[in-house]
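Read the structure below first, then the notes.
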Amino acid sequence: MKIRNNVALSDSGFLFNPSSGDSYSLNETGLFIVHCLQNNKSEDEIIKEVTKEYMIEKGSFEKDFYDFKKLMESFNLID
Amino acid sequence: MKNKKRYERPIIKQLNTGLMNKFGTRTEYMPVTHIDGVPVKKLIEDYGSPVFVLSERKIRENFKSAKRIFETRYPKVQFAWSYKTNYLNAVCNVYHQEGSWAEVVSIFEYKKAIQNGVSPNKILFNGPDKTNEDLILAIKNDSPIHIDHLDELYRLIELADEMHKKPRVAIRVNMDTGVYPMWDRFGFNYENGQAWDAINKIMASNKLNLIGLHCHIGTYMLAPYAYGVAANKMADLALGIKKRFNKSITYIDMGGGFASKNTLKGAAQIGADIVPEISQFAEAISTSLLNAGFETDDLPYLYLETGRALIDDAGFLLGSVISNKRLSDGRRAVIMDFGVNILFTSFWYNHKISPAQKFSHYTEDCVLYGPLCMNIDVVRENISLPPLQSGDRVVVHHVGAYNITQSMQFIALRPAVVMIDMEGTPHIIKSSETVDDVEKNERMPKHLESFKL
């Protein structure tokens, strides 16, 4: 799972995909995950990072993470 | 160990600036964490989820305000609490304490009012279904009986004759007030002469004491002028009765139907923006009655059976998120622990729903489903809400009218109802149902008592 390297990301969670011209908005947790992806973290590492940073159990987060990943895929933001 | 941050489900939302969408714009900016000073979290912990919560303070405020609005415009006003809107005894008694009579539409409601201690001559008996037994009881009790159809009128004349009593009656009148669809199902029509026909029959029989005229022109009425038209026609009948029979009508009952601030499905604007104030209805009615031409000492009482406008915003439904999922077309679905079984009005209202805990400024377009394993169980088809996760609590607003009385014991048991008193103390006014409650009236034939699997 790797985010496209030409994607532009602002500190406030605004994401721009120059390939399609589409823009997106991320909430804090979404932004945290995209930052991890930009730092080439693996899925397991992302799960570890998020559960360390936020009040959430691994099992509960995995469900949300899977859904988030699917959405990123459907927006053609990850390879 | 460092303090962890509050988790919110990760969201990525495509931005479509300027395009219309059916989810609308974001409406919730603040969580609703307390009701009348009591934390939502505590109410759910103490009474379970879902739970209906009623604010006694708001009920009394609404009533006092409506009473003041009408009494400052018309000298003789009497409210009668519409039992069908919410007939929990505690609720009815708040209205009775405020001076409201009772308005009932069945013998079940009639008996409830009697048991609540309402003097029978202050119970207005409406409705199309009154058996001879019901009518005999009402005649004995001297309750005002509002006649709905000719069969009832003839039966009343017969019963009055048999009982050697002159029942106090009113007729229900339906009419064209310029609002469509026209409610002509109940009572006698004004325009085609049915109303006069019924009046003539009553007066000719000399067995019934015609004391009032009643109408109920519709429900969730958004046009105050329609009440002005209705009041004119009612006054015309009353003055006609005076002229023809030299009989003064004691009261004109304008029924109910004032809209609450809820938003109807399909409405272009939210209820709070388009629903008229009660003062506008009061102005239309009182102006028509005062200008109709009654003698000052012969002015009829104005009876009002206002229901939803007095209680809808005093009721809240607290619930919790069971789960959320993504549908095949990409929409987010949130499954709540309350559905159309207890939130019956979600069939026609887009209820305002607020999260009861802190949230960020991000929202998701979603569908809110109830817990029933039935496709019809949709609480909101399109709503923009902050990301909700399992266990999160929400507050549904404006649910005081018609939900508790119309809730169904279908698939799930009905929840508790709590009333928060004037001092901010919650009281259970109806316990949550148990399996025993539901099975209490069931009977098992002997041959079906046992089985082997």
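Following the order of the structure tokens, chains are lettered A, B, ..., residues in each are numbered from 1, and ligands are numbered from 1.
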Tell me the residues of chain A close to chain B, meaning within 12 Å using only C-alpha atoms, as a tab-separated table (two decimals) with C-alpha atoms, in the first residue's frame.
```tsv
chain	number	residue	atom	x	y	z
A	12	SER	CA	-4.86	21.14	7.62
A	13	GLY	CA	-5.82	17.96	5.74
A	14	PHE	CA	-6.46	19.32	2.25
A	15	LEU	CA	-5.33	16.80	-0.35
A	16	PHE	CA	-4.93	17.47	-4.07
A	17	ASN	CA	-4.45	14.85	-6.75
A	20	SER	CA	-7.20	13.83	-11.78
A	21	GLY	CA	-7.59	17.42	-10.61
A	22	ASP	CA	-9.72	16.23	-7.69
A	23	SER	CA	-9.34	17.58	-4.18
A	24	TYR	CA	-10.23	15.97	-0.87
A	25	SER	CA	-10.57	16.81	2.76
A	26	LEU	CA	-9.16	14.62	5.55
A	27	ASN	CA	-9.99	14.64	9.22
A	28	GLU	CA	-7.22	14.43	11.82
A	29	THR	CA	-7.02	10.64	11.90
A	30	GLY	CA	-7.16	10.45	8.11
A	31	LEU	CA	-4.34	12.99	7.87
A	32	PHE	CA	-2.30	10.99	10.39
A	33	ILE	CA	-2.66	7.86	8.25
A	34	VAL	CA	-1.77	9.66	5.01
A	49	GLU	CA	1.17	4.06	15.29
A	50	VAL	CA	-2.54	4.92	15.40
A	51	THR	CA	-3.31	2.76	18.45
A	52	LYS	CA	-0.32	4.34	20.19
A	53	GLU	CA	-1.45	7.87	19.41
A	54	TYR	CA	-5.24	7.53	19.84
A	55	MET	CA	-7.65	5.95	22.31
A	56	ILE	CA	-8.67	3.00	20.16
A	57	GLU	CA	-8.34	-0.77	20.30
A	58	LYS	CA	-6.49	-2.55	17.49
A	60	SER	CA	-11.84	-1.56	16.24
A	61	PHE	CA	-9.30	0.46	14.30
A	62	GLU	CA	-8.59	-2.31	11.79
A	63	LYS	CA	-12.24	-2.21	10.68
A	64	ASP	CA	-12.08	1.55	10.08
A	65	PHE	CA	-8.65	1.34	8.49
A	66	TYR	CA	-9.84	-1.27	6.00
A	67	ASP	CA	-12.75	0.98	5.02
A	68	PHE	CA	-10.47	4.02	4.71
A	69	LYS	CA	-8.04	2.05	2.54
A	70	LYS	CA	-10.87	0.96	0.25
A	71	LEU	CA	-11.97	4.58	-0.18
A	72	MET	CA	-8.41	5.71	-0.95
A	73	GLU	CA	-8.25	2.97	-3.57
A	74	SER	CA	-11.57	3.99	-5.09
A	75	PHE	CA	-10.26	7.58	-5.36
A	76	ASN	CA	-7.12	6.24	-7.09
A	77	LEU	CA	-4.89	7.74	-4.44
```
Compile the contact shell of region 269-279 of chain B as a compact mmCIF listing (two decimals) with C-alpha atoms, in the first residue's frame: residues with an atom at most 8 Å away, counting only C-alpha atoms, same-chain residues fewer than 6 positions apart removed.
```
# COMPACT_ATOMS: atom_id res chain seq x y z
CA ALA B 66 -49.88 29.37 24.19
CA ILE B 69 -51.08 34.21 23.47
CA PHE B 70 -54.75 33.21 23.09
CA LEU B 222 -48.69 25.89 7.83
CA ALA B 223 -51.34 28.44 6.85
CA PRO B 224 -52.76 30.55 9.71
CA PHE B 258 -50.90 23.78 14.64
CA ALA B 259 -47.57 22.65 13.22
CA SER B 260 -44.57 21.92 15.42
CA LYS B 261 -41.05 22.94 14.41
CA ASN B 262 -40.24 19.57 12.90
CA THR B 263 -39.22 19.38 9.25
```
Tell me which protein, DNA and RNA residues are within 9 Å of region 368-374 of chain B, counting only C-alpha atoms, leaving out same-chain ones fewer than 5 positions away, and put them as a PyMOL selection string.
-> chain B and resi 322+332-341+379-383+410-412
Could you dump the residues just selected with C-alpha atoms as a short mmCIF file (atom, residue, chain, number, x, y, z; two decimals), in the first residue's frame?
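This is the output file part24.cif:
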```cif
data_model
loop_
_atom_site.label_atom_id
_atom_site.label_comp_id
_atom_site.auth_asym_id
_atom_site.auth_seq_id
_atom_site.Cartn_x
_atom_site.Cartn_y
_atom_site.Cartn_z
CA ILE B 322 -24.78 -0.10 17.17
CA ARG B 332 -21.98 5.35 4.82
CA ALA B 333 -24.69 3.65 6.87
CA VAL B 334 -25.04 4.05 10.62
CA ILE B 335 -27.14 1.56 12.54
CA MET B 336 -28.87 2.97 15.61
CA ASP B 337 -30.56 1.12 18.46
CA PHE B 338 -33.87 2.89 17.75
CA GLY B 339 -35.92 2.61 14.61
CA VAL B 340 -39.32 3.29 13.13
CA ASN B 341 -40.85 0.97 15.71
CA VAL B 379 -34.65 6.85 10.41
CA ARG B 380 -33.02 9.35 8.01
CA GLU B 381 -32.38 8.66 4.32
CA ASN B 382 -29.80 11.42 3.98
CA ILE B 383 -28.06 13.24 6.77
CA PHE B 410 -42.55 -4.95 16.72
CA ILE B 411 -39.34 -7.00 16.86
CA ALA B 412 -38.06 -5.02 19.83
#
```
With only C-alpha atoms as the basis for distance, which of B:Tyr83, B:Phe245, B:Tyr225, B:Phe63 is at the shortest distance from Thr405 (chain B)?
-> B:Tyr83
Might you pull out every residue within 10 Å of Gly37 (chain B), with only C-alpha atoms counted and same-chain residues fewer than 6 positions away left off, and present them as JSON, numbers by chain?
-> {"B": [420, 423, 424, 425]}
Just give me the gap between CA of Ile3 (chain A) and CA of Asn40 (chain A) in Å, one decimal is fine.
->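 CA of Asn40 (chain A) lies at a distance of 8.4 Å from CA of Ile3 (chain A).
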If you run DSSP on the backbone, which residues of region 36-171 of chain B are strand (DSSP E), as number ranges by chain?
-> B: 38-39, 51-55, 77-82, 101-104, 123-125, 145-147, 168-171
Pull C-alpha atoms from the residues just selected and write them as an mmCIF file, in the first residue's frame.
```cif
data_model
loop_
_atom_site.group_PDB
_atom_site.id
_atom_site.type_symbol
_atom_site.label_atom_id
_atom_site.label_comp_id
_atom_site.auth_asym_id
_atom_site.auth_seq_id
_atom_site.Cartn_x
_atom_site.Cartn_y
_atom_site.Cartn_z
ATOM 1 C CA VAL B 38 -29.001 16.150 33.237
ATOM 2 C CA PRO B 39 -26.133 14.508 31.287
ATOM 3 C CA VAL B 51 -34.898 6.058 26.145
ATOM 4 C CA PHE B 52 -37.509 8.781 25.685
ATOM 5 C CA VAL B 53 -36.928 11.898 27.775
ATOM 6 C CA LEU B 54 -39.560 14.567 28.352
ATOM 7 C CA SER B 55 -38.902 17.995 29.830
ATOM 8 C CA VAL B 77 -60.374 30.428 26.082
ATOM 9 C CA GLN B 78 -60.219 26.815 27.237
ATOM 10 C CA PHE B 79 -57.549 24.298 26.238
ATOM 11 C CA ALA B 80 -58.249 20.540 26.244
ATOM 12 C CA TRP B 81 -55.241 18.241 26.110
ATOM 13 C CA SER B 82 -55.302 15.989 23.066
ATOM 14 C CA TRP B 101 -59.343 19.776 30.104
ATOM 15 C CA ALA B 102 -59.147 16.455 28.222
ATOM 16 C CA GLU B 103 -59.916 15.779 24.560
ATOM 17 C CA VAL B 104 -60.321 12.092 23.759
ATOM 18 C CA ILE B 123 -63.800 15.581 28.813
ATOM 19 C CA LEU B 124 -64.558 16.370 25.167
ATOM 20 C CA PHE B 125 -65.507 13.072 23.534
ATOM 21 C CA ILE B 145 -70.161 14.440 22.931
ATOM 22 C CA HIS B 146 -68.894 15.603 19.547
ATOM 23 C CA ILE B 147 -71.051 13.903 16.918
ATOM 24 C CA ARG B 168 -74.765 17.801 25.819
ATOM 25 C CA VAL B 169 -73.550 17.584 22.243
ATOM 26 C CA ALA B 170 -71.562 19.391 19.589
ATOM 27 C CA ILE B 171 -71.270 18.518 15.922
#
```
Taking the DSSP assignment computed from this structure's backbone, write out as an mmCIF file with C-alpha atoms, in the first residue's frame all residues of region 33-259 of chain B that belong to alpha helix (DSSP H).
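Contents of out.cif, freshly written:
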```
data_model
loop_
_atom_site.group_PDB
_atom_site.id
_atom_site.type_symbol
_atom_site.label_atom_id
_atom_site.label_comp_id
_atom_site.auth_asym_id
_atom_site.auth_seq_id
_atom_site.Cartn_x
_atom_site.Cartn_y
_atom_site.Cartn_z
ATOM 1 C CA VAL B 40 -27.293 12.397 28.354
ATOM 2 C CA LYS B 41 -24.630 9.869 29.310
ATOM 3 C CA LYS B 42 -26.124 9.462 32.791
ATOM 4 C CA LEU B 43 -29.680 9.182 31.487
ATOM 5 C CA ILE B 44 -28.602 6.329 29.213
ATOM 6 C CA GLU B 45 -26.611 4.654 31.986
ATOM 7 C CA ASP B 46 -29.555 4.850 34.399
ATOM 8 C CA TYR B 47 -32.483 4.107 32.109
ATOM 9 C CA GLU B 56 -41.628 19.044 32.269
ATOM 10 C CA ARG B 57 -40.199 22.554 32.207
ATOM 11 C CA LYS B 58 -40.602 22.831 28.437
ATOM 12 C CA ILE B 59 -44.118 21.352 28.514
ATOM 13 C CA ARG B 60 -45.241 23.929 31.075
ATOM 14 C CA GLU B 61 -43.467 26.775 29.269
ATOM 15 C CA ASN B 62 -45.122 25.852 25.975
ATOM 16 C CA PHE B 63 -48.557 25.625 27.564
ATOM 17 C CA LYS B 64 -48.269 28.883 29.506
ATOM 18 C CA SER B 65 -47.035 30.662 26.410
ATOM 19 C CA ALA B 66 -49.880 29.368 24.188
ATOM 20 C CA LYS B 67 -52.472 30.179 26.874
ATOM 21 C CA ARG B 68 -51.140 33.715 27.255
ATOM 22 C CA ILE B 69 -51.076 34.207 23.473
ATOM 23 C CA PHE B 70 -54.747 33.206 23.090
ATOM 24 C CA GLU B 71 -56.038 34.847 26.271
ATOM 25 C CA ASN B 89 -50.651 9.784 32.624
ATOM 26 C CA ALA B 90 -47.788 11.927 33.940
ATOM 27 C CA VAL B 91 -47.850 14.008 30.756
ATOM 28 C CA CYS B 92 -51.635 14.428 30.864
ATOM 29 C CA ASN B 93 -51.478 15.481 34.486
ATOM 30 C CA VAL B 94 -48.957 18.230 33.762
ATOM 31 C CA TYR B 95 -51.495 19.713 31.330
ATOM 32 C CA HIS B 96 -54.373 19.160 33.760
ATOM 33 C CA GLN B 97 -52.366 20.916 36.495
ATOM 34 C CA ILE B 107 -63.386 5.000 25.048
ATOM 35 C CA PHE B 108 -59.854 3.871 25.946
ATOM 36 C CA GLU B 109 -58.693 7.479 26.137
ATOM 37 C CA TYR B 110 -61.966 8.490 27.826
ATOM 38 C CA LYS B 111 -61.362 5.986 30.619
ATOM 39 C CA LYS B 112 -57.745 7.143 30.948
ATOM 40 C CA ALA B 113 -58.947 10.718 31.464
ATOM 41 C CA ILE B 114 -61.492 9.562 34.081
ATOM 42 C CA GLN B 115 -58.768 7.567 35.874
ATOM 43 C CA ASN B 132 -73.862 2.600 22.456
ATOM 44 C CA GLU B 133 -72.132 1.523 25.650
ATOM 45 C CA ASP B 134 -69.621 4.370 25.279
ATOM 46 C CA LEU B 135 -72.365 6.881 24.565
ATOM 47 C CA ILE B 136 -74.426 5.730 27.564
ATOM 48 C CA LEU B 137 -71.415 6.239 29.832
ATOM 49 C CA ALA B 138 -70.751 9.696 28.373
ATOM 50 C CA ILE B 139 -74.433 10.674 28.690
ATOM 51 C CA LYS B 140 -74.542 9.531 32.328
ATOM 52 C CA ASN B 141 -71.332 11.496 32.983
ATOM 53 C CA LEU B 150 -75.604 10.755 11.226
ATOM 54 C CA ASP B 151 -75.658 7.178 12.563
ATOM 55 C CA GLU B 152 -74.197 8.436 15.798
ATOM 56 C CA LEU B 153 -76.677 11.304 15.859
ATOM 57 C CA TYR B 154 -79.689 8.953 15.453
ATOM 58 C CA ARG B 155 -78.330 6.568 18.090
ATOM 59 C CA LEU B 156 -77.842 9.458 20.488
ATOM 60 C CA ILE B 157 -81.435 10.628 19.980
ATOM 61 C CA GLU B 158 -82.664 7.079 20.707
ATOM 62 C CA LEU B 159 -80.464 6.718 23.790
ATOM 63 C CA ALA B 160 -81.473 10.137 25.097
ATOM 64 C CA ASP B 161 -85.095 9.104 24.749
ATOM 65 C CA GLU B 162 -84.517 5.806 26.566
ATOM 66 C CA MET B 163 -82.455 7.396 29.347
ATOM 67 C CA GLN B 194 -74.729 18.561 5.818
ATOM 68 C CA ALA B 195 -73.847 20.616 8.875
ATOM 69 C CA TRP B 196 -77.155 22.505 8.772
ATOM 70 C CA ASP B 197 -78.975 19.234 8.156
ATOM 71 C CA ALA B 198 -77.439 17.777 11.345
ATOM 72 C CA ILE B 199 -78.194 20.953 13.317
ATOM 73 C CA ASN B 200 -81.817 20.951 12.135
ATOM 74 C CA LYS B 201 -82.212 17.295 13.117
ATOM 75 C CA ILE B 202 -80.784 17.960 16.587
ATOM 76 C CA MET B 203 -82.984 20.994 17.174
ATOM 77 C CA ALA B 204 -86.098 19.308 15.776
ATOM 78 C CA SER B 205 -85.610 16.226 17.967
ATOM 79 C CA PRO B 224 -52.760 30.548 9.705
ATOM 80 C CA TYR B 225 -55.313 32.156 7.328
ATOM 81 C CA ALA B 226 -57.034 28.750 7.009
ATOM 82 C CA TYR B 227 -57.964 28.984 10.705
ATOM 83 C CA GLY B 228 -59.381 32.441 10.058
ATOM 84 C CA VAL B 229 -61.577 31.022 7.286
ATOM 85 C CA ALA B 230 -62.649 28.109 9.520
ATOM 86 C CA ALA B 231 -63.459 30.402 12.451
ATOM 87 C CA ASN B 232 -65.596 32.582 10.135
ATOM 88 C CA LYS B 233 -67.599 29.568 8.985
ATOM 89 C CA MET B 234 -68.021 28.267 12.539
ATOM 90 C CA ALA B 235 -69.174 31.713 13.680
ATOM 91 C CA ASP B 236 -71.604 31.856 10.760
ATOM 92 C CA LEU B 237 -73.141 28.551 11.913
ATOM 93 C CA ALA B 238 -73.326 29.712 15.540
ATOM 94 C CA LEU B 239 -74.972 33.011 14.566
ATOM 95 C CA GLY B 240 -77.342 31.130 12.237
ATOM 96 C CA ILE B 241 -78.388 28.844 15.104
ATOM 97 C CA LYS B 242 -79.037 31.888 17.281
ATOM 98 C CA LYS B 243 -81.131 33.514 14.559
ATOM 99 C CA ARG B 244 -83.085 30.422 13.555
ATOM 100 C CA PHE B 245 -83.616 28.742 16.938
#
```
